[in-house]
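Note: the block below is upload12.pdb and it holds PDB, C-alpha atoms.
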MODEL        1
ATOM      1  CA  MET L1105     -11.265 -21.914  20.826
ATOM      2  CA  SER L1106     -10.537 -23.834  24.028
ATOM      3  CA  GLY L1107     -10.385 -27.137  22.132
ATOM      4  CA  ALA L1108      -7.911 -25.706  19.653
ATOM      5  CA  TYR L1109      -5.909 -24.172  22.473
ATOM      6  CA  LEU L1110      -5.763 -27.511  24.277
ATOM      7  CA  ARG L1111      -4.620 -29.304  21.145
ATOM      8  CA  LEU L1112      -2.022 -26.594  20.622
ATOM      9  CA  SER L1113      -0.740 -27.042  24.153
ATOM     10  CA  VAL L1114      -0.528 -30.801  23.749
ATOM     11  CA  LEU L1115       1.364 -30.332  20.489
ATOM     12  CA  PHE L1116       3.825 -28.000  22.185
ATOM     13  CA  VAL L1117       4.399 -30.395  25.066
ATOM     14  CA  CYS L1118       4.934 -33.332  22.715
ATOM     15  CA  LEU L1119       7.336 -31.421  20.488
ATOM     16  CA  THR L1120       9.224 -29.992  23.434
ATOM     17  CA  LEU L1121       9.579 -33.398  25.046
ATOM     18  CA  THR L1122      10.711 -34.894  21.753
ATOM     19  CA  SER L1123      13.217 -32.112  21.286
ATOM     20  CA  PHE L1124      14.794 -32.356  24.677
ATOM     21  CA  THR L1125      14.724 -36.103  25.268
ATOM     22  CA  SER L1126      16.110 -37.234  21.958
ATOM     23  CA  GLY L1127      19.695 -36.548  22.961
ATOM     24  CA  ALA L1128      20.561 -36.607  19.292
ATOM     25  CA  PHE L1129      22.228 -33.237  19.320
ATOM     26  CA  ALA L1130      23.406 -30.507  21.667
ATOM     27  CA  LEU L1131      21.428 -27.285  21.434
ATOM     28  CA  ILE L1132      22.913 -23.813  21.431
ATOM     29  CA  LEU L1133      20.739 -20.833  22.280
ATOM     30  CA  SER L1134      20.913 -18.212  19.536
ATOM     31  CA  GLU L1135      19.737 -14.821  20.771
ATOM     32  CA  GLN L1136      18.492 -12.432  18.082
ATOM     33  CA  GLU L1137      17.084  -8.951  18.639
ATOM     34  CA  HIS L1138      13.430  -9.978  18.527
ATOM     35  CA  PHE L1139      13.473 -13.739  19.081
ATOM     36  CA  SER L1140      15.616 -16.587  20.319
ATOM     37  CA  VAL L1141      15.990 -20.041  18.874
ATOM     38  CA  GLN L1142      17.857 -23.197  19.841
ATOM     39  CA  LEU L1143      20.209 -24.465  17.180
ATOM     40  CA  PRO L1144      21.978 -27.796  16.941
ATOM     41  CA  GLU L1145      25.770 -27.655  16.652
ATOM     42  CA  GLY L1146      26.962 -26.789  13.169
ATOM     43  CA  PHE L1147      23.967 -24.611  12.327
ATOM     44  CA  GLN L1148      24.212 -20.911  11.564
ATOM     45  CA  ILE L1149      21.743 -18.046  11.255
ATOM     46  CA  VAL L1150      22.072 -15.212   8.724
ATOM     47  CA  LYS L1151      19.959 -12.040   8.543
ATOM     48  CA  ALA L1152      18.897 -10.207   5.363
ATOM     49  CA  SER L1153      16.845  -7.030   5.068
ATOM     50  CA  PRO L1154      15.395  -6.701   1.566
ATOM     51  CA  VAL L1155      13.340  -3.647   2.605
ATOM     52  CA  GLU L1156      13.776  -1.548   5.720
ATOM     53  CA  ASP L1157      10.562  -2.636   7.440
ATOM     54  CA  PHE L1158      11.221  -6.368   7.477
ATOM     55  CA  GLU L1159      14.019  -8.884   7.986
ATOM     56  CA  VAL L1160      14.365 -12.507   6.921
ATOM     57  CA  TYR L1161      16.654 -14.851   8.858
ATOM     58  CA  THR L1162      17.901 -18.074   7.280
ATOM     59  CA  ILE L1163      18.900 -20.965   9.525
ATOM     60  CA  SER L1164      21.074 -23.479   7.752
ATOM     61  CA  LYS L1165      23.656 -26.181   8.079
ATOM     62  CA  GLY L1166      26.332 -25.750   5.465
ATOM     63  CA  ILE L1167      24.555 -24.738   2.290
ATOM     64  CA  GLN L1168      21.287 -26.465   3.272
ATOM     65  CA  PRO L1169      18.616 -24.074   4.604
ATOM     66  CA  TYR L1170      16.341 -25.613   7.262
ATOM     67  CA  LEU L1171      14.196 -22.775   8.542
ATOM     68  CA  TYR L1172      13.346 -19.185   7.651
ATOM     69  CA  VAL L1173      12.129 -16.470  10.007
ATOM     70  CA  TYR L1174      10.408 -13.234   8.903
ATOM     71  CA  VAL L1175      10.401 -10.335  11.364
ATOM     72  CA  GLY L1176       8.141  -7.384  10.552
ATOM     73  CA  ASN L1177       4.533  -6.231  10.544
ATOM     74  CA  GLN L1178       3.045  -7.486   7.275
ATOM     75  CA  PRO L1179       3.884 -11.153   6.726
ATOM     76  CA  THR L1180       2.579 -13.173   3.835
ATOM     77  CA  PHE L1181       0.820 -15.863   5.820
ATOM     78  CA  PRO L1182       0.106 -18.567   5.014
ATOM     79  CA  LYS L1183       3.030 -18.793   2.673
ATOM     80  CA  THR L1184       2.529 -22.221   1.245
ATOM     81  CA  ASN L1185      -0.101 -23.334  -1.209
ATOM     82  CA  PRO L1186      -1.278 -26.865  -0.448
ATOM     83  CA  GLY L1187      -1.382 -28.006  -4.057
ATOM     84  CA  GLY L1188      -3.720 -30.843  -3.101
ATOM     85  CA  ASN L1189      -1.916 -31.781   0.124
ATOM     86  CA  GLU L1190      -3.757 -31.930   3.440
ATOM     87  CA  ILE L1191      -3.571 -28.880   5.666
ATOM     88  CA  SER L1192      -4.096 -28.760   9.415
ATOM     89  CA  GLU L1193      -4.345 -25.507  11.336
ATOM     90  CA  LEU L1194      -4.161 -24.705  15.013
ATOM     91  CA  GLU L1195      -4.874 -21.286  16.423
ATOM     92  CA  GLY L1196      -4.036 -20.002  19.878
ATOM     93  CA  LEU L1197      -4.371 -16.536  21.321
ATOM     94  CA  ASN L1198      -1.168 -15.215  19.779
ATOM     95  CA  ILE L1199      -0.023 -18.044  17.577
ATOM     96  CA  PHE L1200      -1.217 -19.739  14.409
ATOM     97  CA  ILE L1201       0.291 -23.031  13.246
ATOM     98  CA  ARG L1202      -0.240 -24.397   9.754
ATOM     99  CA  SER L1203       1.030 -27.826   8.775
ATOM    100  CA  GLU L1204       1.070 -29.473   5.373
ATOM    101  CA  TRP L1205       0.773 -33.251   5.142
ATOM    102  CA  LYS L1206       0.979 -35.813   2.374
ATOM    103  CA  GLY L1207      -0.058 -39.390   3.065
ATOM    104  CA  GLY L1208       0.107 -38.742   6.792
ATOM    105  CA  GLU L1209       3.680 -37.441   6.592
ATOM    106  CA  LEU L1210       4.616 -33.873   7.443
ATOM    107  CA  ILE L1211       5.758 -31.950   4.357
ATOM    108  CA  ALA L1212       6.125 -28.422   5.748
ATOM    109  CA  ARG L1213       5.148 -26.324   8.715
ATOM    110  CA  GLU L1214       4.826 -22.590   9.310
ATOM    111  CA  VAL L1215       4.025 -20.624  12.430
ATOM    112  CA  LEU L1216       2.821 -17.042  12.834
ATOM    113  CA  PHE L1217       3.488 -15.350  16.172
ATOM    114  CA  LYS L1218       1.451 -12.235  16.904
ATOM    115  CA  MET L1219       2.783  -9.585  19.260
ATOM    116  CA  PRO L1220       0.713  -6.641  20.498
ATOM    117  CA  ASP L1221       0.285  -3.770  18.025
ATOM    118  CA  ILE L1222       1.398  -1.372  20.758
ATOM    119  CA  LYS L1223       4.892  -2.804  20.300
ATOM    120  CA  GLY L1224       5.068  -0.811  17.048
ATOM    121  CA  TRP L1225       7.639  -2.991  15.250
ATOM    122  CA  PRO L1226       7.862  -5.921  14.895
ATOM    123  CA  THR L1227       4.330  -7.100  15.584
ATOM    124  CA  ARG L1228       4.607 -10.391  13.678
ATOM    125  CA  ILE L1229       7.153 -13.187  13.411
ATOM    126  CA  HIS L1230       6.594 -15.774  10.716
ATOM    127  CA  ALA L1231       8.743 -18.912  10.650
ATOM    128  CA  TRP L1232       8.544 -21.644   8.033
ATOM    129  CA  THR L1233      10.440 -24.827   7.263
ATOM    130  CA  ALA L1234      12.353 -25.364   4.045
ATOM    131  CA  ARG L1235      11.384 -28.218   1.721
ATOM    132  CA  LEU L1236      13.400 -31.067   3.221
ATOM    133  CA  ALA L1237      13.685 -34.834   3.408
ATOM    134  CA  PRO L1238      11.895 -36.285   6.489
ATOM    135  CA  PRO L1239      14.969 -36.572   8.802
ATOM    136  CA  GLN L1240      16.048 -32.997   8.068
ATOM    137  CA  LEU L1241      12.465 -31.742   8.347
ATOM    138  CA  GLN L1242      12.256 -33.250  11.829
ATOM    139  CA  VAL L1243      15.307 -31.224  12.842
ATOM    140  CA  ALA L1244      13.844 -28.070  11.257
ATOM    141  CA  ASP L1245      10.597 -28.686  13.121
ATOM    142  CA  ARG L1246      12.432 -28.947  16.443
ATOM    143  CA  ILE L1247      14.225 -25.690  15.755
ATOM    144  CA  LEU L1248      10.907 -24.081  14.792
ATOM    145  CA  PHE L1249       9.271 -25.059  18.063
ATOM    146  CA  SER L1250      12.200 -23.764  20.092
ATOM    147  CA  LEU L1251      11.549 -20.250  18.763
ATOM    148  CA  LYS L1252      10.564 -17.735  21.424
ATOM    149  CA  THR L1253       9.567 -14.161  20.698
ATOM    150  CA  LYS L1254      10.849 -11.241  22.772
TER
ATOM    151  CA  VAL D 490     -10.982 -17.178  -6.655
ATOM    152  CA  GLU D 491      -8.009 -17.045  -8.967
ATOM    153  CA  SER D 492      -4.887 -17.230  -6.837
ATOM    154  CA  ASP D 493      -2.189 -17.330  -9.460
ATOM    155  CA  LEU D 494      -2.435 -13.684 -10.396
ATOM    156  CA  ILE D 495       0.787 -13.211 -12.284
ATOM    157  CA  GLY D 496       1.540 -16.691 -13.467
ATOM    158  CA  LEU D 497       3.525 -18.101 -10.571
ATOM    159  CA  ALA D 498       3.527 -21.557 -12.094
ATOM    160  CA  GLY D 499       5.629 -23.931 -10.113
ATOM    161  CA  GLY D 500       5.727 -21.678  -7.087
ATOM    162  CA  SER D 501       3.990 -22.111  -3.799
ATOM    163  CA  TYR D 502       3.236 -18.504  -2.988
ATOM    164  CA  SER D 503      -0.191 -17.755  -1.664
ATOM    165  CA  THR D 504      -1.465 -14.632  -3.351
ATOM    166  CA  TYR D 505      -4.910 -14.601  -1.859
ATOM    167  CA  SER D 506      -4.738 -15.564   1.779
ATOM    168  CA  TYR D 507      -4.387 -12.079   3.177
ATOM    169  CA  ALA D 508      -7.042 -10.624   0.890
ATOM    170  CA  LEU D 509      -9.474 -13.164   2.231
ATOM    171  CA  GLY D 510      -8.662 -12.104   5.764
ATOM    172  CA  SER D 511      -7.845 -15.552   7.133
ATOM    173  CA  SER D 512      -7.662 -15.890  10.870
ATOM    174  CA  GLY D 513      -3.899 -15.878  10.649
ATOM    175  CA  SER D 514      -3.655 -12.690   8.640
ATOM    176  CA  TYR D 515      -1.629  -9.769   9.862
ATOM    177  CA  PHE D 516      -4.185  -7.006   9.786
ATOM    178  CA  ASP D 517      -7.747  -6.315  10.653
ATOM    179  CA  PRO D 518      -9.407  -5.715   7.266
ATOM    180  CA  PHE D 519     -11.906  -3.411   8.931
ATOM    181  CA  ARG D 520      -9.042  -1.100   9.880
ATOM    182  CA  LEU D 521      -7.916  -0.551   6.293
ATOM    183  CA  TYR D 522      -8.899   2.762   4.824
ATOM    184  CA  ALA D 523      -8.322   3.350   1.129
ATOM    185  CA  ILE D 524     -11.070   4.233  -1.318
ATOM    186  CA  VAL D 525     -10.647   2.264  -4.526
ATOM    187  CA  THR D 526     -12.812   3.070  -7.536
ATOM    188  CA  VAL D 527     -12.788   0.648 -10.458
ATOM    189  CA  GLN D 528     -14.080   1.613 -13.907
ATOM    190  CA  GLY D 529     -12.928  -1.061 -16.306
ATOM    191  CA  ASN D 530      -9.147  -0.892 -16.285
ATOM    192  CA  ASN D 531      -9.130   2.620 -14.850
ATOM    193  CA  ILE D 532      -8.440   2.538 -11.126
ATOM    194  CA  THR D 533      -8.542   5.510  -8.775
ATOM    195  CA  ILE D 534      -7.101   5.087  -5.289
ATOM    196  CA  THR D 535      -7.799   7.769  -2.711
ATOM    197  CA  LEU D 536      -5.736   7.574   0.444
ATOM    198  CA  PRO D 537      -6.614  10.008   3.247
ATOM    199  CA  ILE D 538      -3.546  10.473   5.450
ATOM    200  CA  GLU D 539      -3.242  12.612   8.546
ATOM    201  CA  TYR D 540       0.303  13.312   9.710
ATOM    202  CA  GLN D 541       1.085  14.087  13.316
ATOM    203  CA  GLY D 542       4.145  14.346  15.533
ATOM    204  CA  PRO D 543       7.238  16.474  16.022
ATOM    205  CA  GLY D 544       8.710  15.765  12.582
ATOM    206  CA  VAL D 545       5.737  17.081  10.613
ATOM    207  CA  THR D 546       6.509  20.016   8.320
ATOM    208  CA  PRO D 547       4.940  21.019   4.998
ATOM    209  CA  ASP D 548       8.059  19.744   3.202
ATOM    210  CA  VAL D 549       7.885  16.336   4.896
ATOM    211  CA  ILE D 550       4.173  15.973   4.137
ATOM    212  CA  ASN D 551       4.783  16.994   0.541
ATOM    213  CA  LYS D 552       7.687  14.529   0.206
ATOM    214  CA  PHE D 553       5.669  11.540   1.389
ATOM    215  CA  ASN D 554       2.468  12.498  -0.443
ATOM    216  CA  GLN D 555       4.222  13.214  -3.733
ATOM    217  CA  GLY D 556       6.218  10.001  -3.372
ATOM    218  CA  ILE D 557       3.053   7.954  -2.889
ATOM    219  CA  GLN D 558       1.221   9.631  -5.753
ATOM    220  CA  ASN D 559       4.146   9.393  -8.168
ATOM    221  CA  VAL D 560       4.970   5.748  -7.444
ATOM    222  CA  TRP D 561       1.362   4.505  -7.332
ATOM    223  CA  THR D 562       0.211   6.376 -10.444
ATOM    224  CA  GLY D 563       0.805   4.953 -13.927
ATOM    225  CA  ASN D 564       0.165   1.931 -16.086
ATOM    226  CA  PHE D 565       0.661  -1.358 -14.243
ATOM    227  CA  GLY D 566      -0.049  -4.250 -16.579
ATOM    228  CA  ARG D 567      -3.486  -3.580 -17.989
ATOM    229  CA  TYR D 568      -4.404  -1.155 -15.240
ATOM    230  CA  ASN D 569      -4.286   2.613 -15.579
ATOM    231  CA  VAL D 570      -3.971   3.765 -11.982
ATOM    232  CA  ARG D 571      -4.280   7.226 -10.460
ATOM    233  CA  THR D 572      -3.502   7.594  -6.768
ATOM    234  CA  ILE D 573      -4.426  10.667  -4.764
ATOM    235  CA  VAL D 574      -3.416  11.398  -1.181
ATOM    236  CA  THR D 575      -5.891  13.647   0.598
ATOM    237  CA  THR D 576      -5.855  15.480   3.914
ATOM    238  CA  PRO D 577      -8.767  14.410   6.127
ATOM    239  CA  GLY D 578     -10.891  17.087   7.720
ATOM    240  CA  ALA D 579     -10.578  17.864  11.412
ATOM    241  CA  SER D 580     -13.830  16.048  12.205
ATOM    242  CA  CYS D 581     -12.955  12.915  10.231
ATOM    243  CA  PRO D 582     -13.233   9.843  12.517
ATOM    244  CA  ALA D 583     -10.117   7.731  13.084
ATOM    245  CA  THR D 584     -11.700   4.790  11.290
ATOM    246  CA  GLN D 585     -12.014   6.745   8.042
ATOM    247  CA  LYS D 586      -8.441   7.917   7.692
ATOM    248  CA  ASN D 587      -4.853   6.741   8.023
ATOM    249  CA  THR D 588      -2.898   8.319  10.858
ATOM    250  CA  ILE D 589       0.882   8.507  10.517
ATOM    251  CA  THR D 590       3.141   9.644  13.334
ATOM    252  CA  VAL D 591       6.273  11.405  12.096
ATOM    253  CA  PRO D 592       9.181  11.462  14.556
ATOM    254  CA  SER D 593      12.020  13.896  13.892
ATOM    255  CA  GLY D 594      15.188  12.443  12.410
ATOM    256  CA  ASP D 595      15.683   8.980  10.945
ATOM    257  CA  GLY D 596      14.707   5.470  11.966
ATOM    258  CA  ARG D 597      12.628   2.512  10.860
ATOM    259  CA  ALA D 598       9.305   3.191   9.154
ATOM    260  CA  SER D 599       6.366   0.882   9.790
ATOM    261  CA  VAL D 600       2.618   0.438   9.489
ATOM    262  CA  VAL D 601       0.742  -1.243  12.332
ATOM    263  CA  GLY D 602      -2.602  -2.959  11.946
ATOM    264  CA  GLY D 603      -4.301  -1.386   8.974
ATOM    265  CA  ASN D 604      -4.364   2.384   9.206
ATOM    266  CA  THR D 605      -1.687   3.680  11.575
ATOM    267  CA  GLY D 606       2.052   3.924  11.293
ATOM    268  CA  THR D 607       5.327   5.654  12.060
ATOM    269  CA  TRP D 608       7.362   7.265   9.287
ATOM    270  CA  PRO D 609      10.462   9.138  10.491
ATOM    271  CA  ALA D 610      10.853  12.554   8.850
ATOM    272  CA  GLU D 611      14.162  11.774   7.178
ATOM    273  CA  ARG D 612      13.046   8.601   5.409
ATOM    274  CA  PRO D 613      13.008   8.970   1.618
ATOM    275  CA  ALA D 614       9.857   9.380  -0.465
ATOM    276  CA  TRP D 615      10.090   5.749  -1.651
ATOM    277  CA  THR D 616       9.716   4.551   1.943
ATOM    278  CA  GLY D 617       6.363   6.341   2.165
ATOM    279  CA  ALA D 618       5.300   4.664  -1.075
ATOM    280  CA  HIS D 619       6.255   1.207   0.259
ATOM    281  CA  GLU D 620       4.410   1.850   3.526
ATOM    282  CA  ALA D 621       1.394   3.159   1.598
ATOM    283  CA  GLY D 622       1.205  -0.303   0.035
ATOM    284  CA  HIS D 623       0.614  -1.659   3.541
ATOM    285  CA  LEU D 624      -2.057   1.002   4.195
ATOM    286  CA  MET D 625      -3.793  -0.334   1.072
ATOM    287  CA  GLY D 626      -3.671  -3.906   2.416
ATOM    288  CA  LEU D 627      -0.577  -5.414   0.805
ATOM    289  CA  PRO D 628       1.888  -7.636   2.700
ATOM    290  CA  ASP D 629       5.655  -7.754   2.323
ATOM    291  CA  TYR D 630       6.663 -10.116  -0.466
ATOM    292  CA  TYR D 631       9.543 -12.260   0.721
ATOM    293  CA  THR D 632      10.792 -15.717   0.264
ATOM    294  CA  ASP D 633      13.580 -18.092   1.129
ATOM    295  CA  LEU D 634      17.024 -16.545   1.567
ATOM    296  CA  GLY D 635      15.478 -13.163   2.189
ATOM    297  CA  GLY D 636      14.935 -12.346  -1.448
ATOM    298  CA  PRO D 637      11.694 -11.500  -3.175
ATOM    299  CA  PHE D 638       9.573 -14.339  -4.527
ATOM    300  CA  PRO D 639      10.059 -15.130  -8.237
ATOM    301  CA  GLY D 640       7.876 -12.667 -10.092
ATOM    302  CA  TYR D 641       8.289 -10.047  -7.377
ATOM    303  CA  GLU D 642      12.008  -9.247  -7.812
ATOM    304  CA  SER D 643      11.308  -5.600  -8.639
ATOM    305  CA  ASP D 644       8.057  -5.214  -6.729
ATOM    306  CA  ILE D 645       7.726  -2.308  -4.325
ATOM    307  CA  LEU D 646       6.610  -4.663  -1.532
ATOM    308  CA  GLY D 647       9.539  -7.033  -1.990
ATOM    309  CA  ALA D 648      12.610  -5.104  -3.066
ATOM    310  CA  ARG D 649      14.221  -1.804  -2.154
ATOM    311  CA  GLY D 650      13.535   0.725  -4.914
ATOM    312  CA  GLY D 651      10.901  -1.507  -6.532
ATOM    313  CA  THR D 652       7.737  -0.391  -8.298
ATOM    314  CA  PRO D 653       4.077  -1.532  -8.176
ATOM    315  CA  SER D 654       2.860  -4.414 -10.320
ATOM    316  CA  ALA D 655      -0.483  -5.433 -11.778
ATOM    317  CA  ALA D 656      -0.719  -8.091  -9.046
ATOM    318  CA  ASP D 657      -0.436  -5.346  -6.422
ATOM    319  CA  ILE D 658      -3.344  -3.486  -8.003
ATOM    320  CA  ILE D 659      -5.497  -6.628  -8.108
ATOM    321  CA  ASN D 660      -4.753  -7.325  -4.455
ATOM    322  CA  ILE D 661      -5.520  -3.719  -3.470
ATOM    323  CA  ILE D 662      -8.904  -3.986  -5.168
ATOM    324  CA  ARG D 663      -9.600  -7.232  -3.293
ATOM    325  CA  ALA D 664      -8.493  -5.832   0.055
ATOM    326  CA  ASN D 665     -10.582  -2.655  -0.281
ATOM    327  CA  PRO D 666     -13.961  -3.816  -1.605
TER
ENDMDL
END

Step by step, read the file and then write its structure as C-alpha cells.
Amino acid sequence: MSGAYLRLSVLFVCLTLTSFTSGAFALILSEQEHFSVQLPEGFQIVKASPVEDFEVYTISKGIQPYLYVYVGNQPTFPKTNPGGNEISELEGLNIFIRSEWKGGELIAREVLFKMPDIKGWPTRIHAWTARLAPPQLQVADRILFSLKTK
Amino acid sequence: VESDLIGLAGGSYSTYSYALGSSGSYFDPFRLYAIVTVQGNNITITLPIEYQGPGVTPDVINKFNQGIQNVWTGNFGRYNVRTIVTTPGASCPATQKNTITVPSGDGRASVVGGNTGTWPAERPAWTGAHEAGHLMGLPDYYTDLGGPFPGYESDILGARGGTPSAADIINIIRANP
C-alpha cells in the first residue's frame, strides 16, 4: 500500500508540475457543486442528469469532448475494457487511477475518487478521458488531474 | 468469465468489473443483501427492506414495494423473474436486511454502500425500483455525453423510466452468489 501511495504521490507531483509549468494555456477554475476543475480558455462544461441519482458532466472544446465526470454513488468503474492494451493501476486511500497504454503511449485514463459514505450523496466521482489524439489527450489528462472533490 | 453479456461488440464497456468486486468498485459486496434463487431460467429475488424515518407511512411503503415488485418481475430475455420485497423481523441483524430512511417531502434518492439508502417519501415508485437495482448490486449505466451506453438506452439503471434487461439479471446473480 505504501509503495503504491508513494508512486501515486510522485505521479501527482509530476503531473501538477507539468500542468503548471508548461505555460501553454491559461487555466480558469470551474467550480461545480461537488468538484472543481481547472479548464484552459475556450473549454466549457455541461451537466446532464439521465437519472435522478447521478450526473454526468462533459468537458469539451467546441464539439470535441475531452473529459467526462460522473457524480453519484454507483459508478461503473473501471469503464474501459483494455482490449489487449496494457493497463496500469494505482490505488491510494481514497483514489484509484487506471491508465491504458499501447506501445508505451497513454491511450486513456480514468480516476475514481471515493468520499466517505456518511456524506450520503455523492460518495463517488468518476472521471475519464475521451478517446483523443496524443496532444489533445495530454490536455485532457491535465484537466483530469486538476479535479478536486468537495 | 464472459464479459460481453448482451453483445456490446465494438464497445468498451466493462460489464463485469463491479461483479468481481475490484478494489476500485463502489460498494462492499459483503454489504449487499438480496437473496437470489436460480432454477434454470426461473429466478426469484427476495429483497428484505426495512423503512424508517419521518416519511414512512403504509402508503409510502406500499408504493415503493409494489413499484419494485412490478418493475423487477417479468420476462427479461430468457429469464422469468419474480421479485418479492419482504419486511424483516424486529430481531433481524442489520447485515441481513436493507435499511431505507424515508424523509418527508421530496428530494434526491440514493443508495449508499450496499444496503442502506435514502428515498424521500414523494419520489415515484419507479425511483424505488431504480434504487432497488443498486441494492441488488447494479451500478448506474452511463457513458459519454451523459447518455446510456449503447445497448442500455432503455435500461432502468441508465435511463429515466427504463426497465430491467437480461444483462441486469445476469449481473444480479453474479453480485449475489

Could you please give me, as a list of chain:residue names, the residues of protein, DNA or RNA lying at most 10 Å from (5.2, -6.5, 0.1) in the coordinate frame of the file, considering only C-alpha atoms? L:Val1155, L:Asp1157, L:Phe1158, L:Gln1178, L:Pro1179, L:Thr1180, D:His619, D:Glu620, D:Gly622, D:His623, D:Gly626, D:Leu627, D:Pro628, D:Asp629, D:Tyr630, D:Tyr631, D:Pro637, D:Tyr641, D:Asp644, D:Ile645, D:Leu646, D:Gly647, D:Ala648, D:Pro653, D:Asp657

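If you count all atoms listed in the file and ignore residues fewer than 6 places along the chain from D:Gln528, what sits within 12 Å of it is Ile534, Tyr568, Asn569, Val570, Arg571 and Ile662 of chain D.
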
Determine the residue set returned by the PyMOL selection byres ((chain L and resi 1229) around 7) for the present structure, and present it as a PyMOL selection string. chain L and resi 1173-1176+1216-1218+1228+1230-1231

Would you save the residues from that selection as a PDB file, keeping the file's coordinate frame, using C-alpha atoms?
ATOM      1  CA  VAL L1173      12.129 -16.470  10.007  1.00  0.00           C
ATOM      2  CA  TYR L1174      10.408 -13.234   8.903  1.00  0.00           C
ATOM      3  CA  VAL L1175      10.401 -10.335  11.364  1.00  0.00           C
ATOM      4  CA  GLY L1176       8.141  -7.384  10.552  1.00  0.00           C
ATOM      5  CA  LEU L1216       2.821 -17.042  12.834  1.00  0.00           C
ATOM      6  CA  PHE L1217       3.488 -15.350  16.172  1.00  0.00           C
ATOM      7  CA  LYS L1218       1.451 -12.235  16.904  1.00  0.00           C
ATOM      8  CA  ARG L1228       4.607 -10.391  13.678  1.00  0.00           C
ATOM      9  CA  HIS L1230       6.594 -15.774  10.716  1.00  0.00           C
ATOM     10  CA  ALA L1231       8.743 -18.912  10.650  1.00  0.00           C
TER      11      ALA L1231
END

Which residues, named as in the file, does the ChimeraX specification (/D :<10) & /L pick out? Answer as a PDB file with C-alpha atoms, in the frame of the given file.
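Result file is selection_8.pdb:
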ATOM      1  CA  VAL L1150      22.072 -15.212   8.724  1.00  0.00           C
ATOM      2  CA  LYS L1151      19.959 -12.040   8.543  1.00  0.00           C
ATOM      3  CA  ALA L1152      18.897 -10.207   5.363  1.00  0.00           C
ATOM      4  CA  SER L1153      16.845  -7.030   5.068  1.00  0.00           C
ATOM      5  CA  PRO L1154      15.395  -6.701   1.566  1.00  0.00           C
ATOM      6  CA  VAL L1155      13.340  -3.647   2.605  1.00  0.00           C
ATOM      7  CA  GLU L1156      13.776  -1.548   5.720  1.00  0.00           C
ATOM      8  CA  ASP L1157      10.562  -2.636   7.440  1.00  0.00           C
ATOM      9  CA  PHE L1158      11.221  -6.368   7.477  1.00  0.00           C
ATOM     10  CA  GLU L1159      14.019  -8.884   7.986  1.00  0.00           C
ATOM     11  CA  VAL L1160      14.365 -12.507   6.921  1.00  0.00           C
ATOM     12  CA  TYR L1161      16.654 -14.851   8.858  1.00  0.00           C
ATOM     13  CA  THR L1162      17.901 -18.074   7.280  1.00  0.00           C
ATOM     14  CA  ILE L1163      18.900 -20.965   9.525  1.00  0.00           C
ATOM     15  CA  PRO L1169      18.616 -24.074   4.604  1.00  0.00           C
ATOM     16  CA  LEU L1171      14.196 -22.775   8.542  1.00  0.00           C
ATOM     17  CA  TYR L1172      13.346 -19.185   7.651  1.00  0.00           C
ATOM     18  CA  VAL L1173      12.129 -16.470  10.007  1.00  0.00           C
ATOM     19  CA  TYR L1174      10.408 -13.234   8.903  1.00  0.00           C
ATOM     20  CA  GLY L1176       8.141  -7.384  10.552  1.00  0.00           C
ATOM     21  CA  ASN L1177       4.533  -6.231  10.544  1.00  0.00           C
ATOM     22  CA  GLN L1178       3.045  -7.486   7.275  1.00  0.00           C
ATOM     23  CA  PRO L1179       3.884 -11.153   6.726  1.00  0.00           C
ATOM     24  CA  THR L1180       2.579 -13.173   3.835  1.00  0.00           C
ATOM     25  CA  PHE L1181       0.820 -15.863   5.820  1.00  0.00           C
ATOM     26  CA  PRO L1182       0.106 -18.567   5.014  1.00  0.00           C
ATOM     27  CA  LYS L1183       3.030 -18.793   2.673  1.00  0.00           C
ATOM     28  CA  THR L1184       2.529 -22.221   1.245  1.00  0.00           C
ATOM     29  CA  ASN L1185      -0.101 -23.334  -1.209  1.00  0.00           C
ATOM     30  CA  PRO L1186      -1.278 -26.865  -0.448  1.00  0.00           C
ATOM     31  CA  GLY L1187      -1.382 -28.006  -4.057  1.00  0.00           C
ATOM     32  CA  GLU L1193      -4.345 -25.507  11.336  1.00  0.00           C
ATOM     33  CA  LEU L1194      -4.161 -24.705  15.013  1.00  0.00           C
ATOM     34  CA  GLU L1195      -4.874 -21.286  16.423  1.00  0.00           C
ATOM     35  CA  ASN L1198      -1.168 -15.215  19.779  1.00  0.00           C
ATOM     36  CA  ILE L1199      -0.023 -18.044  17.577  1.00  0.00           C
ATOM     37  CA  PHE L1200      -1.217 -19.739  14.409  1.00  0.00           C
ATOM     38  CA  ILE L1201       0.291 -23.031  13.246  1.00  0.00           C
ATOM     39  CA  ARG L1202      -0.240 -24.397   9.754  1.00  0.00           C
ATOM     40  CA  VAL L1215       4.025 -20.624  12.430  1.00  0.00           C
ATOM     41  CA  LEU L1216       2.821 -17.042  12.834  1.00  0.00           C
ATOM     42  CA  PHE L1217       3.488 -15.350  16.172  1.00  0.00           C
ATOM     43  CA  LYS L1218       1.451 -12.235  16.904  1.00  0.00           C
ATOM     44  CA  PRO L1220       0.713  -6.641  20.498  1.00  0.00           C
ATOM     45  CA  ASP L1221       0.285  -3.770  18.025  1.00  0.00           C
ATOM     46  CA  ILE L1222       1.398  -1.372  20.758  1.00  0.00           C
ATOM     47  CA  LYS L1223       4.892  -2.804  20.300  1.00  0.00           C
ATOM     48  CA  GLY L1224       5.068  -0.811  17.048  1.00  0.00           C
ATOM     49  CA  TRP L1225       7.639  -2.991  15.250  1.00  0.00           C
ATOM     50  CA  PRO L1226       7.862  -5.921  14.895  1.00  0.00           C
ATOM     51  CA  THR L1227       4.330  -7.100  15.584  1.00  0.00           C
ATOM     52  CA  ARG L1228       4.607 -10.391  13.678  1.00  0.00           C
ATOM     53  CA  TRP L1232       8.544 -21.644   8.033  1.00  0.00           C
ATOM     54  CA  THR L1233      10.440 -24.827   7.263  1.00  0.00           C
ATOM     55  CA  ALA L1234      12.353 -25.364   4.045  1.00  0.00           C
TER      56      ALA L1234
END

* Asked: Do you have the atom CA of D:Ile524-atom CA of D:Asn559 distance handy?
  ->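 Those two atoms sit 17.5 Å apart.
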
* So, counting all atoms listed in the file, which residue among D:Ala655, D:Ala664, D:Val527, D:Leu536 is closest to D:Thr588? ->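 Nearest candidate to D:Thr588 out of D:Ala655, D:Ala664, D:Val527, D:Leu536: D:Leu536.
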
- the PyMOL selection byres ((chain D and resi 595) around 9) resolved against shown file, as an MDAnalysis selection string: chainID D and resid 592:594 596:598 608:612
